[in-house]
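*Asks:* So I've got this file, work-v4.txt, and it contains compact mmCIF, C-alpha atoms:
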```
# COMPACT_ATOMS: atom_id res chain seq x y z
CA MET A 272 -3.62 12.55 -17.44
CA ALA A 273 -6.74 12.44 -19.60
CA GLN A 274 -8.77 9.27 -19.77
CA THR A 275 -10.22 8.08 -23.02
CA ASP A 276 -13.40 6.14 -23.63
CA LYS A 277 -11.62 3.85 -26.08
CA PRO A 278 -11.66 0.20 -25.05
CA THR A 279 -8.30 -1.45 -24.57
CA CYS A 280 -7.56 -3.87 -27.38
CA ILE A 281 -5.58 -6.93 -26.40
CA PRO A 282 -3.72 -8.47 -29.33
CA PRO A 283 -4.94 -12.04 -29.86
CA GLU A 284 -1.40 -13.42 -29.82
CA LEU A 285 -0.58 -11.91 -26.40
CA PRO A 286 -1.90 -14.74 -24.14
CA LYS A 287 0.06 -17.40 -26.04
CA MET A 288 3.17 -15.21 -26.10
CA LEU A 289 3.00 -14.63 -22.34
CA LYS A 290 2.41 -18.32 -21.66
CA GLU A 291 5.48 -19.25 -23.74
CA PHE A 292 7.51 -16.58 -21.94
CA ALA A 293 6.42 -17.89 -18.52
CA LYS A 294 7.25 -21.49 -19.44
CA ALA A 295 10.66 -20.46 -20.80
CA ALA A 296 11.39 -18.43 -17.65
CA ILE A 297 10.43 -21.36 -15.41
CA ARG A 298 12.69 -23.66 -17.37
CA ALA A 299 15.60 -21.19 -17.58
CA GLN A 300 15.46 -20.06 -13.93
CA PRO A 301 17.44 -16.87 -14.73
CA GLN A 302 19.20 -15.05 -11.89
CA ASP A 303 18.03 -11.68 -13.25
CA LEU A 304 14.52 -12.24 -14.56
CA ILE A 305 14.08 -8.65 -15.77
CA GLN A 306 17.25 -8.66 -17.85
CA TRP A 307 16.51 -12.15 -19.12
CA GLY A 308 12.98 -11.04 -20.04
CA ALA A 309 14.32 -8.01 -21.88
CA ASP A 310 16.74 -10.24 -23.81
CA TYR A 311 13.93 -12.72 -24.50
CA PHE A 312 11.56 -10.16 -26.01
CA GLU A 313 14.34 -8.32 -27.85
CA ALA A 314 15.34 -11.57 -29.54
CA LEU A 315 11.71 -12.17 -30.50
CA SER A 316 11.42 -8.67 -31.94
CA ARG A 317 14.47 -9.34 -34.14
CA GLY A 318 13.02 -12.66 -35.30
CA GLU A 319 15.70 -14.61 -33.43
CA THR A 320 15.35 -17.54 -31.07
CA PRO A 321 14.93 -16.26 -27.52
CA PRO A 322 17.43 -17.25 -24.81
CA VAL A 323 16.07 -20.57 -23.58
CA ARG A 324 17.90 -23.58 -22.27
CA GLU A 325 18.61 -26.35 -24.69
CA GLN A 326 17.25 -29.82 -23.92
CA SER A 327 20.66 -30.95 -22.67
CA GLU A 328 20.94 -27.96 -20.32
CA ARG A 329 17.43 -28.27 -18.92
CA VAL A 330 17.07 -29.00 -15.25
CA ALA A 331 15.18 -32.23 -14.70
CA LEU A 332 11.69 -30.81 -14.31
CA CYS A 333 10.29 -34.25 -13.58
CA ASN A 334 11.34 -33.72 -9.97
CA TRP A 335 8.37 -32.15 -8.20
CA ALA A 336 10.62 -31.20 -5.28
CA GLU A 337 11.45 -27.99 -7.17
CA LEU A 338 7.90 -26.79 -6.53
CA THR A 339 7.75 -24.79 -3.34
CA PRO A 340 4.67 -24.29 -1.18
CA GLU A 341 4.84 -20.58 -1.99
CA LEU A 342 4.78 -21.24 -5.73
CA LEU A 343 1.85 -23.63 -5.37
CA LYS A 344 -0.07 -21.05 -3.30
CA VAL A 345 0.41 -18.44 -6.03
CA LEU A 346 -0.67 -20.90 -8.68
CA HIS A 347 -3.63 -21.94 -6.55
CA SER A 348 -5.04 -18.44 -6.69
CA GLN A 349 -5.78 -19.25 -10.35
CA THR A 350 -7.99 -22.24 -9.31
CA ILE A 351 -6.97 -25.79 -8.63
CA THR A 352 -7.60 -27.18 -12.11
CA LYS A 353 -5.57 -24.44 -13.77
CA THR A 354 -2.83 -24.89 -11.18
CA LEU A 355 -2.60 -28.62 -11.82
CA LYS A 356 -2.68 -28.02 -15.59
CA ILE A 357 0.27 -25.61 -15.34
CA VAL A 358 2.17 -27.94 -13.01
CA CYS A 359 1.58 -30.85 -15.38
CA GLU A 360 2.87 -28.78 -18.31
CA VAL A 361 5.97 -27.73 -16.38
CA LEU A 362 6.78 -31.15 -14.92
CA SER A 363 5.99 -33.15 -18.05
CA CYS A 364 8.86 -35.39 -19.08
CA ASP A 365 7.42 -35.67 -22.59
CA HIS A 366 8.86 -32.76 -24.57
CA ASN A 367 8.05 -34.27 -27.96
CA GLY A 368 4.95 -32.17 -28.57
CA GLY A 369 2.50 -34.68 -27.13
CA LEU A 370 0.05 -33.94 -24.37
CA PRO A 371 1.80 -33.00 -21.13
CA ARG A 372 1.74 -35.95 -18.73
CA ILE A 373 3.11 -36.79 -15.32
CA PRO A 374 3.07 -39.85 -13.07
CA PHE A 375 -0.27 -40.28 -11.31
CA SER A 376 1.55 -40.48 -7.96
CA THR A 377 2.92 -36.95 -8.52
CA PHE A 378 -0.52 -35.67 -9.54
CA GLN A 379 -2.06 -37.35 -6.48
CA PHE A 380 0.46 -35.74 -4.12
CA LEU A 381 0.00 -32.28 -5.65
CA TYR A 382 -3.81 -32.47 -5.75
CA MET A 383 -3.99 -33.58 -2.12
CA TYR A 384 -1.60 -30.82 -1.07
CA ILE A 385 -3.34 -28.05 -3.01
CA ALA A 386 -6.80 -29.18 -1.83
CA GLU A 387 -5.57 -29.11 1.76
CA VAL A 388 -4.14 -25.61 1.32
CA ASP A 389 -7.45 -24.53 -0.23
CA GLY A 390 -9.33 -25.73 2.82
CA GLU A 391 -12.72 -25.71 1.07
CA ILE A 392 -12.55 -29.08 -0.66
CA SER A 393 -13.56 -32.02 1.49
CA ALA A 394 -11.17 -34.89 1.97
CA SER A 395 -13.92 -37.26 0.82
CA HIS A 396 -14.29 -35.35 -2.47
CA VAL A 397 -10.52 -35.49 -3.05
CA SER A 398 -10.52 -39.21 -2.28
CA ARG A 399 -13.46 -39.88 -4.66
CA MET A 400 -11.79 -37.96 -7.50
CA LEU A 401 -8.43 -39.67 -7.02
CA ASN A 402 -10.05 -43.11 -6.82
CA TYR A 403 -12.08 -42.45 -9.97
CA ILE A 404 -9.05 -41.18 -11.88
CA GLU A 405 -6.88 -44.08 -10.74
CA GLN A 406 -9.50 -46.74 -11.50
CA GLU A 407 -11.16 -45.35 -14.64
CA VAL A 408 -8.83 -42.89 -16.33
CA ILE A 409 -5.17 -43.76 -15.84
CA GLY A 410 -3.76 -46.19 -18.36
CA PRO A 411 -1.26 -48.99 -17.81
CA ASP A 412 1.65 -46.53 -18.06
CA GLY A 413 0.56 -44.86 -14.81
CA LEU A 414 0.66 -41.37 -16.35
CA ILE A 415 -2.02 -38.69 -16.26
CA THR A 416 -2.46 -36.15 -19.05
CA VAL A 417 -3.92 -32.67 -18.79
CA ASN A 418 -7.00 -33.83 -20.74
CA ASP A 419 -7.61 -36.59 -18.19
CA PHE A 420 -8.61 -33.99 -15.58
CA THR A 421 -9.66 -31.02 -17.73
CA GLN A 422 -11.75 -32.68 -20.44
CA ASN A 423 -13.40 -35.49 -18.48
CA PRO A 424 -16.86 -34.30 -17.30
CA ARG A 425 -16.79 -36.77 -14.39
CA VAL A 426 -13.63 -35.22 -12.92
CA ARG A 427 -14.32 -32.11 -10.84
CA LEU A 428 -11.25 -31.20 -8.81
CA GLU A 429 -12.74 -28.13 -7.16
```
Is it possible to give me this structure as structure tokens?
*Replies:*
Amino acid sequence: MAQTDKPTCIPPELPKMLKEFAKAAIRAQPQDLIQWGADYFEALSRGETPPVREQSERVALCNWAELTPELLKVLHSQTITKTLKIVCEVLSCDHNGGLPRIPFSTFQFLYMYIAEVDGEISASHVSRMLNYIEQEVIGPDGLITVNDFTQNPRVRLE
């Protein structure tokens, strides 16, 4: 097979498309992911709505117990901040187009767990970050948004 010197061009819409596919797959939890994926992209190619669960059919993603240690380890390989961002997006109970947000207690549990699995983040650093977030960032509703830990220069989770 001949190699070419042409650079590979990645369509600009591909990252967003793959992110939407991944989120839909996580929500749908299909038994046959390959067939479901084929149906998903075929529907998109025809301009139809892909096979995703309706709001009433959705499993309650606000329950962090659906996250397994294996899934968190895979996500962790993408860095802790990205992992927590993805988890927040998946577990968010606010599906009205606002910023994804989860209870601080859930974020705290996940951050402590992922930092422990990582093994390179000191317990004192984790404690300082959680105390700062709880005291200075979290509002009266007790929820944390993705921006609270990705856009705040004083929050360094790693």
*Asks:* To one decimal in Å, tell me the separation between CA of Ser398 in chain A and CA of Thr377 in chain A.
*Replies:*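 Separation of CA of Ser398 in chain A and CA of Thr377 in chain A: 15.0 Å.
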*Asks:* Pick the closest to Arg298 in chain A from A:Val361, A:Ala386, A:Ile373, A:Val408: which is it, counting all atoms listed in the file?
*Replies:*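 The closest residue to Arg298 in chain A is A:Val361.
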*Asks:* Which residues of range 367-410 of chain A have any atom within 10 Å of an atom in range 419-426 of chain A when counting all atoms listed in the file, and what is the closest pair of atoms for each, with the distance in Å to one decimal? Order the rows by chain and rising number and write it as a tab-separated table.
*Replies:*
```
residue	atom	partner	partner_atom	distance
A:Arg372	CA	A:Asp419	CA	9.4
A:Arg399	CA	A:Val426	CA	9.5
A:Met400	CA	A:Val426	CA	6.3
A:Leu401	CA	A:Val426	CA	9.0
A:Tyr403	CA	A:Val426	CA	8.0
A:Ile404	CA	A:Val426	CA	7.6
A:Val408	CA	A:Asp419	CA	6.7
A:Ile409	CA	A:Asp419	CA	7.9
```
*Asks:* CA of Phe292 in chain A and CA of Ala314 in chain A, how far apart in Å?
*Replies:*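 Separating CA of Ala314 in chain A from CA of Phe292 in chain A is a distance of 12.0 Å.
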*Asks:* Any idea what the distance is between CA of Ile415 in chain A and CA of Pro374 in chain A?
*Replies:* 6.1 Å
*Asks:* Would you please work out which residue, of A:Ile281, A:Ala309, A:Ala295, A:Ile392, is nearest to Thr350 in chain A when using only C-alpha atoms?
*Replies:*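 Residue with the minimum atom-to-atom distance to Thr350 in chain A: A:Ile392.
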*Asks:* With only C-alpha atoms as the counted atoms, please give the residues lying no more than 12 Å from Glu387 in chain A, apart from itself and same-chain residues fewer than 3 positions off, as a JSON list (two decimals) with C-alpha atoms, in the frame of the given file.
*Replies:*
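Just written: out.json:
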```json
[["chain", "number", "residue", "atom", "x", "y", "z"],
["A", 340, "PRO", "CA", 4.67, -24.29, -1.18],
["A", 343, "LEU", "CA", 1.85, -23.63, -5.37],
["A", 344, "LYS", "CA", -0.07, -21.05, -3.30],
["A", 347, "HIS", "CA", -3.63, -21.94, -6.55],
["A", 351, "ILE", "CA", -6.97, -25.79, -8.63],
["A", 380, "PHE", "CA", 0.46, -35.74, -4.12],
["A", 381, "LEU", "CA", 0.00, -32.28, -5.65],
["A", 382, "TYR", "CA", -3.81, -32.47, -5.75],
["A", 383, "MET", "CA", -3.99, -33.58, -2.12],
["A", 384, "TYR", "CA", -1.60, -30.82, -1.07],
["A", 390, "GLY", "CA", -9.33, -25.73, 2.82],
["A", 391, "GLU", "CA", -12.72, -25.71, 1.07],
["A", 392, "ILE", "CA", -12.55, -29.08, -0.66],
["A", 393, "SER", "CA", -13.56, -32.02, 1.49],
["A", 394, "ALA", "CA", -11.17, -34.89, 1.97],
["A", 395, "SER", "CA", -13.92, -37.26, 0.82],
["A", 396, "HIS", "CA", -14.29, -35.35, -2.47],
["A", 397, "VAL", "CA", -10.52, -35.49, -3.05],
["A", 398, "SER", "CA", -10.52, -39.21, -2.28],
["A", 429, "GLU", "CA", -12.74, -28.13, -7.16]]
```
*Asks:* Rank A:Leu285, A:Lys277, A:Lys294, A:Lys353 by their smallest atom-to-atom distance to Arg427 in chain A, using all atoms listed in the file, and report the top residue only.
*Replies:*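 Residue with the minimum atom-to-atom distance to Arg427 in chain A: A:Lys353.
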*Asks:* Determine the nearest neighbour of Leu362 in chain A from the options A:Asp389, A:Phe378, A:Pro282, A:Thr339, counting only C-alpha atoms.
*Replies:*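 Among A:Asp389, A:Phe378, A:Pro282, A:Thr339, it is A:Phe378 that comes nearest to Leu362 in chain A.
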